[in-house]
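Enquirer: Okay, so here is input-v8.cif, and as you'll see once you scroll down, it has mmCIF, C-alpha atoms.
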data_input
loop_
_atom_site.label_atom_id
_atom_site.label_comp_id
_atom_site.auth_asym_id
_atom_site.auth_seq_id
_atom_site.Cartn_x
_atom_site.Cartn_y
_atom_site.Cartn_z
CA MET A 1 119.35 78.88 124.00
CA TYR A 2 118.54 81.70 121.59
CA VAL A 3 119.17 85.31 122.62
CA CYS A 4 118.29 88.36 120.56
CA GLY A 5 121.50 90.18 119.77
CA MET A 6 122.40 93.63 118.51
CA THR A 7 121.25 95.69 115.56
CA VAL A 8 124.67 96.64 114.26
CA TYR A 9 124.50 100.25 113.10
CA ASP A 10 126.51 101.75 115.98
CA LEU A 11 128.79 100.84 118.88
CA CYS A 12 127.38 98.74 121.71
CA HIS A 13 126.27 100.59 124.83
CA LEU A 14 126.01 99.46 128.46
CA GLY A 15 122.49 98.15 127.91
CA HIS A 16 123.91 95.73 125.35
CA ALA A 17 126.67 94.82 127.82
CA ARG A 18 124.02 94.01 130.44
CA SER A 19 122.29 91.54 128.12
CA MET A 20 125.52 89.95 126.86
CA VAL A 21 126.92 89.48 130.37
CA ALA A 22 123.61 88.21 131.79
CA PHE A 23 123.24 85.45 129.21
CA ASP A 24 126.96 84.68 129.26
CA VAL A 25 126.50 83.90 132.96
CA VAL A 26 123.44 81.77 132.14
CA GLN A 27 125.29 79.64 129.61
CA ARG A 28 128.34 79.36 131.88
CA TRP A 29 126.21 78.10 134.75
CA LEU A 30 124.35 75.62 132.55
CA LYS A 31 127.69 74.23 131.38
CA ALA A 32 129.01 74.10 134.96
CA SER A 33 125.85 72.16 135.86
CA GLY A 34 126.64 69.49 133.27
CA TYR A 35 124.42 70.57 130.38
CA ARG A 36 125.54 70.56 126.75
CA VAL A 37 124.68 74.08 125.62
CA THR A 38 124.09 75.32 122.10
CA TYR A 39 124.00 79.09 122.44
CA VAL A 40 122.76 81.20 119.54
CA ARG A 41 122.98 85.01 119.67
CA ASN A 42 121.95 86.62 116.41
CA ILE A 43 123.10 89.76 114.66
CA THR A 44 120.49 91.96 113.01
CA ASP A 45 122.13 93.36 109.87
CA ILE A 46 118.90 94.11 107.95
CA ASP A 47 117.16 97.11 109.46
CA ASP A 48 115.94 100.58 108.52
CA LYS A 49 118.40 102.20 110.97
CA ILE A 50 121.30 100.33 109.39
CA ILE A 51 120.27 101.38 105.90
CA LYS A 52 119.86 105.01 106.99
CA ARG A 53 123.27 105.06 108.70
CA SER A 54 125.01 103.47 105.71
CA VAL A 55 123.57 106.16 103.43
CA GLU A 56 124.68 108.88 105.86
CA ASN A 57 128.18 107.41 105.98
CA GLY A 58 128.41 106.83 102.24
CA GLU A 59 129.27 103.14 102.70
CA THR A 60 127.58 99.88 101.87
CA VAL A 61 125.39 98.12 104.40
CA ARG A 62 127.85 95.23 104.48
CA ALA A 63 130.83 97.51 105.11
CA LEU A 64 129.00 99.23 107.98
CA THR A 65 127.77 96.03 109.59
CA ASP A 66 131.13 94.24 109.23
CA ARG A 67 132.80 97.14 111.00
CA MET A 68 130.23 97.20 113.80
CA VAL A 69 130.34 93.41 114.27
CA GLU A 70 134.11 93.59 114.69
CA ALA A 71 133.67 96.36 117.29
CA LEU A 72 131.02 94.26 119.06
CA HIS A 73 133.43 91.33 119.28
CA GLN A 74 136.19 93.56 120.66
CA ASP A 75 133.88 94.93 123.36
CA ALA A 76 132.47 91.50 124.25
CA ASP A 77 135.93 89.96 124.43
CA ALA A 78 137.09 92.75 126.73
CA LEU A 79 134.21 91.96 129.12
CA GLY A 80 135.12 88.27 129.22
CA ILE A 81 132.02 87.20 127.30
CA GLU A 82 132.43 83.81 125.69
CA ARG A 83 131.55 83.65 121.99
CA PRO A 84 128.19 81.97 121.34
CA SER A 85 128.06 78.61 119.56
CA PHE A 86 126.47 80.34 116.57
CA GLU A 87 126.20 84.01 115.68
CA PRO A 88 123.88 84.08 112.64
CA ARG A 89 123.54 87.23 110.58
CA ALA A 90 120.08 87.95 109.26
CA MET A 91 121.29 88.59 105.71
CA ASP A 92 122.39 84.96 105.45
CA TYR A 93 118.94 83.57 106.33
CA VAL A 94 116.59 85.35 103.93
CA PRO A 95 115.60 82.07 102.15
CA GLU A 96 114.54 80.58 105.51
CA MET A 97 112.52 83.73 106.27
CA LEU A 98 110.75 83.51 102.92
CA ALA A 99 109.92 79.84 103.53
CA MET A 100 108.36 80.67 106.90
CA ILE A 101 106.36 83.57 105.43
CA GLY A 102 105.08 81.22 102.75
CA ALA A 103 104.02 78.67 105.39
CA LEU A 104 102.16 81.38 107.32
CA GLU A 105 100.38 82.55 104.15
CA ASN A 106 99.35 78.97 103.34
CA LYS A 107 97.82 78.63 106.81
CA GLY A 108 95.86 81.86 106.46
CA LEU A 109 97.94 83.72 109.05
CA ALA A 110 99.57 86.10 106.56
CA TYR A 111 98.14 88.23 103.78
CA ARG A 112 99.40 90.50 101.03
CA ALA A 113 98.55 94.16 101.40
CA SER A 114 97.51 96.28 98.46
CA HIS A 115 100.89 98.07 98.31
CA GLY A 116 102.90 94.83 98.27
CA ASP A 117 103.82 94.22 101.94
CA VAL A 118 103.05 90.86 103.49
CA ASN A 119 101.51 91.22 106.97
CA TYR A 120 100.75 88.86 109.84
CA ALA A 121 97.05 88.65 110.75
CA VAL A 122 97.37 88.88 114.54
CA ARG A 123 93.72 88.19 115.38
CA LYS A 124 93.90 84.85 113.56
CA PHE A 125 96.47 83.55 116.07
CA SER A 126 94.56 82.64 119.22
CA GLY A 127 97.57 82.72 121.53
CA TYR A 128 98.62 86.30 120.82
CA GLY A 129 99.41 88.17 124.05
CA LYS A 130 100.23 85.14 126.20
CA LEU A 131 103.83 86.19 126.83
CA SER A 132 103.03 89.76 127.89
CA GLY A 133 99.83 88.61 129.63
CA LYS A 134 97.62 91.15 127.92
CA SER A 135 94.55 90.84 125.75
CA LEU A 136 94.56 92.08 122.17
CA ASP A 137 92.34 94.98 123.13
CA GLU A 138 94.79 96.04 125.86
CA LEU A 139 97.75 95.71 123.50
CA GLN A 140 95.97 97.73 120.83
CA ALA A 141 95.39 100.69 123.16
CA GLY A 142 97.36 103.64 121.89
CA GLU A 143 98.09 102.14 118.46
CA ARG A 144 98.04 104.76 115.73
CA VAL A 145 98.17 102.85 112.46
CA ALA A 146 96.43 104.55 109.55
CA VAL A 147 93.97 102.55 107.48
CA ASP A 148 95.85 103.33 104.29
CA GLU A 149 98.91 101.42 105.51
CA GLY A 150 97.27 98.34 104.06
CA LYS A 151 96.76 96.48 107.34
CA HIS A 152 93.53 94.66 108.11
CA ASP A 153 94.01 95.46 111.78
CA PRO A 154 96.24 98.04 113.55
CA MET A 155 97.94 95.20 115.50
CA ASP A 156 99.05 93.37 112.34
CA PHE A 157 102.80 93.53 111.71
CA VAL A 158 104.92 93.29 108.60
CA LEU A 159 106.65 90.09 107.54
CA TRP A 160 107.95 91.29 104.17
CA LYS A 161 108.48 94.94 103.21
CA SER A 162 107.85 95.62 99.55
CA ALA A 163 110.60 97.54 97.72
CA LYS A 164 109.64 101.06 96.73
CA ALA A 165 109.82 102.01 93.07
CA THR A 166 110.94 105.49 94.16
CA GLU A 167 114.08 104.07 95.83
CA PRO A 168 115.90 102.01 93.17
CA ASP A 169 119.06 101.65 95.30
CA GLU A 170 117.42 100.32 98.47
CA VAL A 171 118.51 96.96 99.91
CA LYS A 172 116.19 94.26 98.59
CA TRP A 173 115.86 90.60 97.64
CA ALA A 174 113.77 88.84 95.01
CA SER A 175 110.91 86.78 96.45
CA PRO A 176 107.58 85.14 95.58
CA PHE A 177 105.99 88.24 97.14
CA GLY A 178 107.95 90.65 94.98
CA ALA A 179 111.24 92.44 95.60
CA GLY A 180 111.71 93.63 99.15
CA ARG A 181 113.28 92.80 102.49
CA PRO A 182 112.14 90.95 105.64
CA GLY A 183 110.58 92.56 108.68
CA TRP A 184 112.54 92.47 111.92
CA HIS A 185 110.44 89.90 113.77
CA ILE A 186 110.60 87.17 111.13
CA GLU A 187 114.40 87.27 111.21
CA CYS A 188 114.66 85.78 114.71
CA SER A 189 111.94 83.18 114.12
CA ALA A 190 113.73 81.91 111.02
CA MET A 191 117.24 81.89 112.50
CA SER A 192 116.24 80.22 115.77
CA CYS A 193 114.26 77.54 113.94
CA GLU A 194 117.07 76.83 111.49
CA LEU A 195 119.73 76.47 114.20
CA LEU A 196 117.79 75.08 117.18
CA GLY A 197 114.67 73.51 115.68
CA GLU A 198 110.98 74.35 115.76
CA SER A 199 110.93 74.14 119.58
CA PHE A 200 113.86 74.71 121.94
CA ASP A 201 114.66 75.29 125.61
CA ILE A 202 115.40 78.96 126.36
CA HIS A 203 114.73 82.22 124.54
CA GLY A 204 116.24 85.38 126.03
CA GLY A 205 116.67 89.08 125.46
CA GLY A 206 116.13 92.49 127.00
CA ALA A 207 112.91 93.32 128.82
CA ASP A 208 112.06 95.84 126.10
CA LEU A 209 111.80 92.96 123.60
CA GLN A 210 109.02 91.11 125.40
CA PHE A 211 106.45 93.13 123.46
CA PRO A 212 106.13 93.35 120.57
CA HIS A 213 109.22 91.49 119.33
CA HIS A 214 109.00 88.27 121.33
CA GLU A 215 105.21 88.24 121.22
CA ASN A 216 105.45 88.44 117.44
CA GLU A 217 108.12 85.73 117.29
CA ILE A 218 105.76 83.40 119.16
CA ALA A 219 102.93 84.20 116.76
CA GLN A 220 105.15 83.47 113.75
CA SER A 221 106.89 80.32 114.98
CA GLU A 222 103.95 78.71 116.76
CA GLY A 223 101.61 79.75 113.98
CA ALA A 224 103.87 78.04 111.44
CA PHE A 225 104.72 74.87 113.41
CA ASP A 226 101.89 74.38 115.95
CA LYS A 227 104.28 73.74 118.85
CA PRO A 228 105.78 75.87 121.64
CA MET A 229 108.61 78.03 120.36
CA ALA A 230 110.55 78.03 123.65
CA GLN A 231 110.00 76.29 126.97
CA VAL A 232 111.39 79.20 129.01
CA TRP A 233 111.49 82.93 128.27
CA MET A 234 114.07 85.09 130.08
CA HIS A 235 114.34 88.88 130.01
CA ASN A 236 117.13 90.94 131.53
CA GLY A 237 116.33 94.26 133.19
CA PHE A 238 117.28 97.71 131.97
CA ILE A 239 120.26 99.83 132.90
CA ASN A 240 118.97 103.15 134.23
CA VAL A 241 120.55 106.56 134.48
CA ASP A 242 118.84 108.78 137.06
CA ASN A 243 116.04 106.21 137.17
CA GLU A 244 115.36 106.44 133.43
CA LYS A 245 116.11 103.64 131.00
CA MET A 246 119.42 104.11 129.21
CA SER A 247 118.59 104.57 125.52
CA LYS A 248 119.84 106.36 122.45
CA SER A 249 116.50 108.11 121.98
CA LEU A 250 116.88 109.80 125.39
CA GLY A 251 120.53 110.64 124.74
CA ASN A 252 121.57 109.24 128.14
CA PHE A 253 123.50 106.22 126.94
CA PHE A 254 127.16 105.33 127.37
CA THR A 255 128.99 103.06 124.98
CA ILE A 256 131.01 100.20 126.40
CA ARG A 257 134.09 101.96 125.04
CA ASP A 258 133.19 105.18 126.86
CA VAL A 259 133.08 103.35 130.17
CA LEU A 260 136.22 101.29 129.46
CA GLN A 261 138.16 104.55 129.29
CA GLU A 262 137.37 105.13 132.96
CA PHE A 263 136.98 101.64 134.42
CA ASP A 264 138.60 98.27 133.79
CA ALA A 265 136.56 95.58 132.05
CA GLU A 266 136.29 93.22 135.02
CA THR A 267 134.86 95.99 137.19
CA ILE A 268 132.16 96.60 134.58
CA ARG A 269 131.40 92.88 134.44
CA PHE A 270 131.27 92.65 138.24
CA PHE A 271 128.98 95.71 138.36
CA VAL A 272 126.53 93.79 136.14
CA VAL A 273 126.94 90.34 137.70
CA ARG A 274 126.35 91.35 141.31
CA SER A 275 122.78 92.43 140.45
CA HIS A 276 120.10 89.93 139.52
CA TYR A 277 119.64 89.75 135.76
CA ARG A 278 115.95 90.66 135.96
CA SER A 279 116.42 93.70 138.20
CA PRO A 280 116.94 97.26 136.97
CA LEU A 281 120.55 98.37 137.35
CA ASN A 282 121.38 101.99 138.11
CA TYR A 283 124.50 103.29 136.41
CA SER A 284 126.77 105.91 137.94
CA ASP A 285 130.48 106.44 138.47
CA VAL A 286 129.85 106.04 142.20
CA HIS A 287 128.32 102.60 141.70
CA LEU A 288 131.18 101.53 139.44
CA ASN A 289 133.73 102.83 141.94
CA ASP A 290 131.95 100.83 144.63
CA ALA A 291 132.07 97.74 142.39
CA ARG A 292 135.77 98.32 141.85
CA GLY A 293 136.36 98.53 145.60
CA ALA A 294 134.38 95.36 146.24
CA LEU A 295 136.25 93.46 143.54
CA LYS A 296 139.53 94.64 145.05
CA ARG A 297 138.58 93.01 148.35
CA LEU A 298 138.22 89.67 146.60
CA TYR A 299 141.51 90.04 144.74
CA THR A 300 143.23 91.18 147.93
CA ALA A 301 142.32 87.85 149.55
CA LEU A 302 143.67 85.95 146.55
CA HIS A 303 146.84 88.04 146.62
CA ALA A 304 147.40 87.41 150.33
CA VAL A 305 146.91 83.65 149.99
CA PRO A 306 147.86 82.35 146.52
CA PRO A 307 145.12 79.94 145.46
CA ALA A 308 145.70 76.24 144.99
CA ALA A 309 144.40 74.70 141.77
CA VAL A 310 141.22 72.93 142.89
CA ALA A 311 138.22 71.32 141.25
CA ILE A 312 134.97 72.59 142.76
CA ASP A 313 133.60 70.18 145.36
CA TRP A 314 129.88 70.96 145.29
CA THR A 315 129.42 69.22 148.65
CA HIS A 316 131.54 71.92 150.32
CA PRO A 317 129.10 74.08 152.34
CA MET A 318 130.11 77.31 150.59
CA ALA A 319 130.03 75.73 147.14
CA ALA A 320 126.64 74.19 147.91
CA ARG A 321 125.24 77.61 148.86
CA PHE A 322 126.68 79.10 145.67
CA GLN A 323 125.07 76.30 143.67
CA ALA A 324 121.70 76.76 145.39
CA ALA A 325 121.78 80.49 144.63
CA MET A 326 122.53 79.96 140.96
CA ASN A 327 119.91 77.22 140.66
CA GLU A 328 117.30 79.68 141.96
CA ASP A 329 116.82 81.69 138.74
CA PHE A 330 120.56 82.40 138.35
CA GLY A 331 120.73 84.29 141.65
CA THR A 332 124.06 86.03 141.20
CA PRO A 333 123.66 88.49 144.13
CA GLU A 334 123.54 85.58 146.59
CA ALA A 335 126.33 83.77 144.73
CA VAL A 336 128.54 86.87 144.94
CA ALA A 337 127.78 87.11 148.66
CA VAL A 338 129.23 83.61 149.01
CA LEU A 339 132.43 84.84 147.31
CA PHE A 340 132.82 87.54 149.95
CA GLU A 341 132.26 85.04 152.75
CA LEU A 342 134.94 82.86 151.22
CA ALA A 343 137.30 85.85 151.00
CA GLY A 344 136.75 86.44 154.71
CA GLU A 345 137.49 82.79 155.43
CA VAL A 346 140.67 83.00 153.31
CA ASN A 347 141.85 85.97 155.37
CA ARG A 348 141.15 84.11 158.63
CA SER A 349 142.40 80.64 157.74
CA GLN A 350 145.19 81.52 155.27
CA SER A 351 144.14 78.33 153.44
CA ALA A 352 145.33 77.93 149.86
CA GLN A 353 142.51 75.41 149.28
CA THR A 354 139.88 77.93 150.35
CA SER A 355 141.55 80.58 148.21
CA GLY A 356 141.44 78.10 145.32
CA LEU A 357 137.71 77.54 145.83
CA LEU A 358 137.16 81.31 145.80
CA LYS A 359 138.95 81.62 142.48
CA ALA A 360 137.18 78.58 141.00
CA LEU A 361 133.70 79.79 141.97
CA GLY A 362 134.55 83.26 140.70
CA GLY A 363 135.52 81.68 137.40
CA VAL A 364 132.02 80.24 137.03
CA LEU A 365 130.82 83.86 136.83
CA GLY A 366 133.72 84.93 134.61
CA LEU A 367 135.48 86.72 137.48
CA LEU A 368 138.74 86.56 139.47
CA GLN A 369 140.85 84.92 136.77
CA GLU A 370 143.42 87.72 136.43
CA SER A 371 146.66 87.80 138.38
CA PRO A 372 145.77 89.46 141.72
CA GLN A 373 148.97 91.50 141.66
CA THR A 374 148.27 92.74 138.14
CA PHE A 375 144.69 93.67 138.99
CA LEU A 376 145.56 95.48 142.22
CA GLN A 377 148.46 97.41 140.70
CA ALA A 378 146.42 98.48 137.68
CA GLY A 379 143.60 99.60 139.92
CA ALA A 380 145.69 101.92 142.08
CA ALA A 381 146.25 104.53 139.35
CA LEU A 382 142.71 104.14 138.08
CA ASP A 383 141.28 104.77 141.53
CA GLU A 384 143.38 107.90 141.97
CA VAL A 385 142.16 109.32 138.67
CA ALA A 386 138.55 108.66 139.69
CA ILE A 387 139.08 110.24 143.12
CA GLU A 388 140.69 113.35 141.66
CA ALA A 389 137.79 113.66 139.20
CA GLN A 390 135.31 113.54 142.08
CA ILE A 391 137.29 116.16 144.01
CA ALA A 392 137.27 118.44 140.95
CA ALA A 393 133.51 117.97 140.62
CA ARG A 394 133.11 118.85 144.30
CA SER A 395 135.19 122.01 143.87
CA SER A 396 133.02 123.06 140.94
CA ALA A 397 129.89 122.47 143.00
CA LYS A 398 131.25 124.59 145.84
CA ALA A 399 132.18 127.38 143.44
CA ALA A 400 128.61 127.31 142.13
CA LYS A 401 127.37 127.44 145.77
CA ASN A 402 125.77 124.02 145.30
CA PHE A 403 126.76 122.90 148.75
CA ALA A 404 124.31 120.00 148.84
CA GLU A 405 126.06 118.45 145.84
CA ALA A 406 129.48 119.11 147.37
CA ASP A 407 128.41 117.36 150.58
CA ARG A 408 127.00 114.45 148.61
CA ILE A 409 130.34 113.91 146.84
CA ARG A 410 132.24 114.10 150.15
CA GLN A 411 129.89 111.53 151.70
CA GLU A 412 130.16 109.17 148.73
CA LEU A 413 133.95 109.32 148.82
CA ALA A 414 133.87 108.71 152.58
CA ALA A 415 131.73 105.63 151.99
CA LEU A 416 134.48 104.38 149.65
CA GLY A 417 137.11 104.94 152.33
CA VAL A 418 138.47 108.26 151.00
CA VAL A 419 138.85 111.11 153.51
CA LEU A 420 139.05 114.69 152.18
CA LYS A 421 140.99 117.46 153.91
CA ASP A 422 140.21 121.03 152.89
CA SER A 423 142.73 123.83 153.42
CA SER A 424 143.41 127.33 152.11
CA THR A 425 145.59 125.83 149.36
CA GLY A 426 143.06 123.26 148.16
CA THR A 427 141.81 119.77 148.94
CA THR A 428 143.93 116.71 149.63
CA TRP A 429 142.82 113.16 150.33
CA GLU A 430 143.92 109.99 152.00
CA ARG A 431 142.53 106.51 152.40
CA ALA A 432 140.86 105.75 155.69
#
Could you rewrite the structure in this file as structure tokens?

Expert:
Amino acid sequence: MYVCGMTVYDLCHLGHARSMVAFDVVQRWLKASGYRVTYVRNITDIDDKIIKRSVENGETVRALTDRMVEALHQDADALGIERPSFEPRAMDYVPEMLAMIGALENKGLAYRASHGDVNYAVRKFSGYGKLSGKSLDELQAGERVAVDEGKHDPMDFVLWKSAKATEPDEVKWASPFGAGRPGWHIECSAMSCELLGESFDIHGGGADLQFPHHENEIAQSEGAFDKPMAQVWMHNGFINVDNEKMSKSLGNFFTIRDVLQEFDAETIRFFVVRSHYRSPLNYSDVHLNDARGALKRLYTALHAVPPAAVAIDWTHPMAARFQAAMNEDFGTPEAVAVLFELAGEVNRSQSAQTSGLLKALGGVLGLLQESPQTFLQAGAALDEVAIEAQIAARSSAKAAKNFAEADRIRQELAALGVVLKDSSTGTTWERA
């Protein structure tokens, strides 16, 4: 399995967390199902944004990317994401990229532009558009590529960017095409081929990568090797804020570290896991508080009945339902529903074996492995801070005469089992 990873010029945000958690669950389930999994998640450390940021910071590209990769690992480790089998960095695979570009040129699928770039001739690859399901004419709609950019067609994309004589200090490599650096798309084609072969099982990434990135990867890899690049393509959905995609360009993004200051890592993971990987996921403190409360119910059952150490018996009715859910396109919402049914059964039966099955199935999703007592004690103070923050927000809304917002906050807290009591001296709360 190859999954497109991060472009490491800044800290990871929740959108990155969504992708990392989604494909961590995929590889965990494949392993639990008896498959031997080679999981490759790349790091893009050659990119215009990286170069721009390194110049702004007054540091080398390598210093910037090393620092950001270390931060990525810290964030991923906090979220319980297992390290991939391989984590290739683009800078280490430039020779493989050059070899693939050469193969494409030899087959007439790449050409050298007048200003030195090497471009892919999209219309010469008959399968272009098959992943996104659109014709070339549909995909070209809205393209604004000037003729003087040296492209034969506006849809053509760059494989090798020629170094500019006016920028003697830019990052570049020597090549048969002249000094320069690779385009973004060729990086993933070269790394996946080198580590997994010319054709492999699963290729994944965010939904925003389906076009043009993954479409271009297919054109490059299948154009070079005349065989399917991947048997299955998987794309995780976006995280939205107020129904808009979380992104740096919109300024509505939250880094993983921002959210970890307010919520524990397992709550964030559970917030992601309980939604299907392909579905959009709406971020808000209310949704994370709800996730925290739901996770507490599972840990409360484990705390009440200490789990026995059990191997999962997939013939057990609950385990079989969990398995069926995960086998149906990694259906984590249904699998999580089984966990709650098991928690209810633990509370009724007081069975250590059932509690053990709950913990074991949770572990398949990377959940419920902490000491229940530790989790529940840590969450008490965190919940109080979150509740007080909501009460303060409600007071501000009332002072601004925004009574609809104040009522909304009261109702949301009530849904979480928190009852507010207003008096002349202020607002107090208690759990229902």

Enquirer: Padding of 6 Å on every side, edges along x, y and z, all listed atoms of range 387-405 of chain A included: what centre and edge lengths in Å, to one decimal, does that box have, as JSON?

Expert:
{"center_x": 132.5, "center_y": 118.8, "center_z": 144.0, "size_x": 28.4, "size_y": 29.2, "size_z": 21.6}

Enquirer: With distances taken over only C-alpha atoms, which residue among A:Gln350, A:Gly108, A:Ala360, A:Arg41 lies nearest Met318 in chain A?

Expert: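 That would be A:Ala360, the residue with the smallest distance to Met318 in chain A.
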
Enquirer: Nearest to Asp137 in chain A: which of A:Ala165, A:Leu159, A:Ala404, A:Val122 is it, counting only C-alpha atoms?

Expert: A:Val122

Enquirer: Name the residues in contact with Glu334 in chain A at a cut-off of 6 Å, using only C-alpha atoms, excluding same-chain residues fewer than 3 positions from it; report them as an NGL selection string.

Expert: :A and (325 or 331 or 337)

Enquirer: On this structure, the PyMOL selection byres ((chain A and resi 155) around 7) would catch which residues? List them as JSON, numbers by chain, sorted by chain and number.

Expert: {"A": [122, 140, 153, 154, 156, 157]}

Enquirer: Taking the file as I've supplied it (selection: the PyMOL selection byres ((chain A and resi 243) around 12)), which residues are included? Please answer as a list of chain:residue names.

Expert: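 Those residues are A:Phe238, A:Ile239, A:Asn240, A:Val241, A:Asp242, A:Glu244, A:Lys245, A:Met246, A:Asn252, A:Pro280, A:Leu281, A:Asn282, A:Tyr283, A:Ser284.
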
Enquirer: If you measure from CA of Arg89 in chain A to CA of Asp264 in chain A, what distance in Å do you get, rounded to one decimal?

Expert: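 So the two atoms, CA of Arg89 in chain A and CA of Asp264 in chain A, lie 29.8 Å apart.
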
Enquirer: Compile the contact shell of range 25-38 of chain A as a list in words: residues with an atom at most 6 Å away, counting only C-alpha atoms, same-chain residues fewer than 3 positions apart removed.

Expert: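 Contacts, in chain order: Ala22, Ser85 and Leu365 of chain A.
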
Enquirer: With the PyMOL selection byres ((chain A and resi 227) around 12) as the selection, what would be picked from this file? Answer as an MDAnalysis selection string, please.

Expert: chainID A and resid 127 193 197:200 218:226 228:231

Enquirer: Go ahead and compute the interatomic distance for CA of Asp313 in chain A and CA of Ala301 in chain A, in Å to one decimal.

Expert: 20.1 Å

Enquirer: For Arg274 in chain A, which of A:Ser247, A:Thr374, A:Thr425, A:Thr332 is the closest residue, counting only C-alpha atoms?

Expert: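 For Arg274 in chain A, the nearest of the candidates is A:Thr332.
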
Enquirer: Just how far from CA of Ala291 in chain A is CA of Phe271 in chain A, in Å to one decimal?

Expert: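 Going from CA of Phe271 in chain A over to CA of Ala291 in chain A covers 5.5 Å.
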
Enquirer: Here is a test: counting all atoms listed in the file, which residue of A:Gly5, A:Gly356, A:Gly344, A:Gly363 is nearest to Phe86 in chain A?

Expert: A:Gly5

Enquirer: Could you tell me which of A:Tyr128, A:Ser395, A:Arg321, A:Leu420 comes closest to Leu361 in chain A if we count only C-alpha atoms?

Expert: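 Counting only C-alpha atoms, the residue closest to Leu361 in chain A is A:Arg321.
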
Enquirer: Which of these residues is nearest to Thr300 in chain A, using only C-alpha atoms: A:Met191, A:Met1, A:Val61, A:Leu358?

Expert: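 Closest to Thr300 in chain A of all the choices is A:Leu358.
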
Enquirer: Quick one: residues within 12 Å of Glu170 in chain A, all atoms listed in the file, excluding same-chain residues fewer than 5 positions away - as a list in words?

Expert: Ile46, Asp47, Asp48, Ile50, Ile51, Lys52, Ser54, Val55, Thr60, Val61, Lys161, Ser162, Ala163, Lys164, Ala165, Ala179, Gly180 and Arg181 of chain A

Enquirer: Kindly output range 267-282 of chain A as a PDB file, in the coordinates of the input, after building N, CA and C atoms.

Expert:
ATOM      1  N   THR A 267     135.724  95.207 136.307  1.00  0.00           N
ATOM      2  CA  THR A 267     134.860  95.990 137.190  1.00  0.00           C
ATOM      3  C   THR A 267     133.488  96.173 136.567  1.00  0.00           C
ATOM      4  N   ILE A 268     133.449  96.443 135.268  1.00  0.00           N
ATOM      5  CA  ILE A 268     132.160  96.600 134.580  1.00  0.00           C
ATOM      6  C   ILE A 268     131.382  95.295 134.638  1.00  0.00           C
ATOM      7  N   ARG A 269     132.070  94.187 134.381  1.00  0.00           N
ATOM      8  CA  ARG A 269     131.400  92.880 134.440  1.00  0.00           C
ATOM      9  C   ARG A 269     130.870  92.606 135.846  1.00  0.00           C
ATOM     10  N   PHE A 270     131.693  92.885 136.861  1.00  0.00           N
ATOM     11  CA  PHE A 270     131.270  92.650 138.240  1.00  0.00           C
ATOM     12  C   PHE A 270     130.080  93.529 138.601  1.00  0.00           C
ATOM     13  N   PHE A 271     130.095  94.779 138.146  1.00  0.00           N
ATOM     14  CA  PHE A 271     128.980  95.710 138.360  1.00  0.00           C
ATOM     15  C   PHE A 271     127.677  95.100 137.854  1.00  0.00           C
ATOM     16  N   VAL A 272     127.725  94.430 136.712  1.00  0.00           N
ATOM     17  CA  VAL A 272     126.530  93.790 136.140  1.00  0.00           C
ATOM     18  C   VAL A 272     126.184  92.505 136.885  1.00  0.00           C
ATOM     19  N   VAL A 273     127.188  91.675 137.153  1.00  0.00           N
ATOM     20  CA  VAL A 273     126.940  90.340 137.700  1.00  0.00           C
ATOM     21  C   VAL A 273     126.392  90.396 139.121  1.00  0.00           C
ATOM     22  N   ARG A 274     126.772  91.370 139.905  1.00  0.00           N
ATOM     23  CA  ARG A 274     126.350  91.350 141.310  1.00  0.00           C
ATOM     24  C   ARG A 274     124.890  91.769 141.490  1.00  0.00           C
ATOM     25  N   SER A 275     124.218  92.186 140.414  1.00  0.00           N
ATOM     26  CA  SER A 275     122.780  92.430 140.450  1.00  0.00           C
ATOM     27  C   SER A 275     122.054  91.296 139.738  1.00  0.00           C
ATOM     28  N   HIS A 276     120.856  90.983 140.166  1.00  0.00           N
ATOM     29  CA  HIS A 276     120.100  89.930 139.520  1.00  0.00           C
ATOM     30  C   HIS A 276     119.740  90.344 138.100  1.00  0.00           C
ATOM     31  N   TYR A 277     119.804  89.402 137.181  1.00  0.00           N
ATOM     32  CA  TYR A 277     119.640  89.750 135.760  1.00  0.00           C
ATOM     33  C   TYR A 277     118.302  90.396 135.461  1.00  0.00           C
ATOM     34  N   ARG A 278     117.269  90.098 136.251  1.00  0.00           N
ATOM     35  CA  ARG A 278     115.950  90.660 135.960  1.00  0.00           C
ATOM     36  C   ARG A 278     115.741  92.040 136.572  1.00  0.00           C
ATOM     37  N   SER A 279     116.610  92.447 137.480  1.00  0.00           N
ATOM     38  CA  SER A 279     116.420  93.700 138.200  1.00  0.00           C
ATOM     39  C   SER A 279     116.946  94.888 137.396  1.00  0.00           C
ATOM     40  N   PRO A 280     116.336  96.066 137.565  1.00  0.00           N
ATOM     41  CA  PRO A 280     116.940  97.260 136.970  1.00  0.00           C
ATOM     42  C   PRO A 280     118.280  97.536 137.626  1.00  0.00           C
ATOM     43  N   LEU A 281     119.185  98.121 136.866  1.00  0.00           N
ATOM     44  CA  LEU A 281     120.550  98.370 137.350  1.00  0.00           C
ATOM     45  C   LEU A 281     120.861  99.835 137.123  1.00  0.00           C
ATOM     46  N   ASN A 282     121.139 100.554 138.210  1.00  0.00           N
ATOM     47  CA  ASN A 282     121.380 101.990 138.110  1.00  0.00           C
ATOM     48  C   ASN A 282     122.860 102.275 137.879  1.00  0.00           C
TER      49      ASN A 282
END
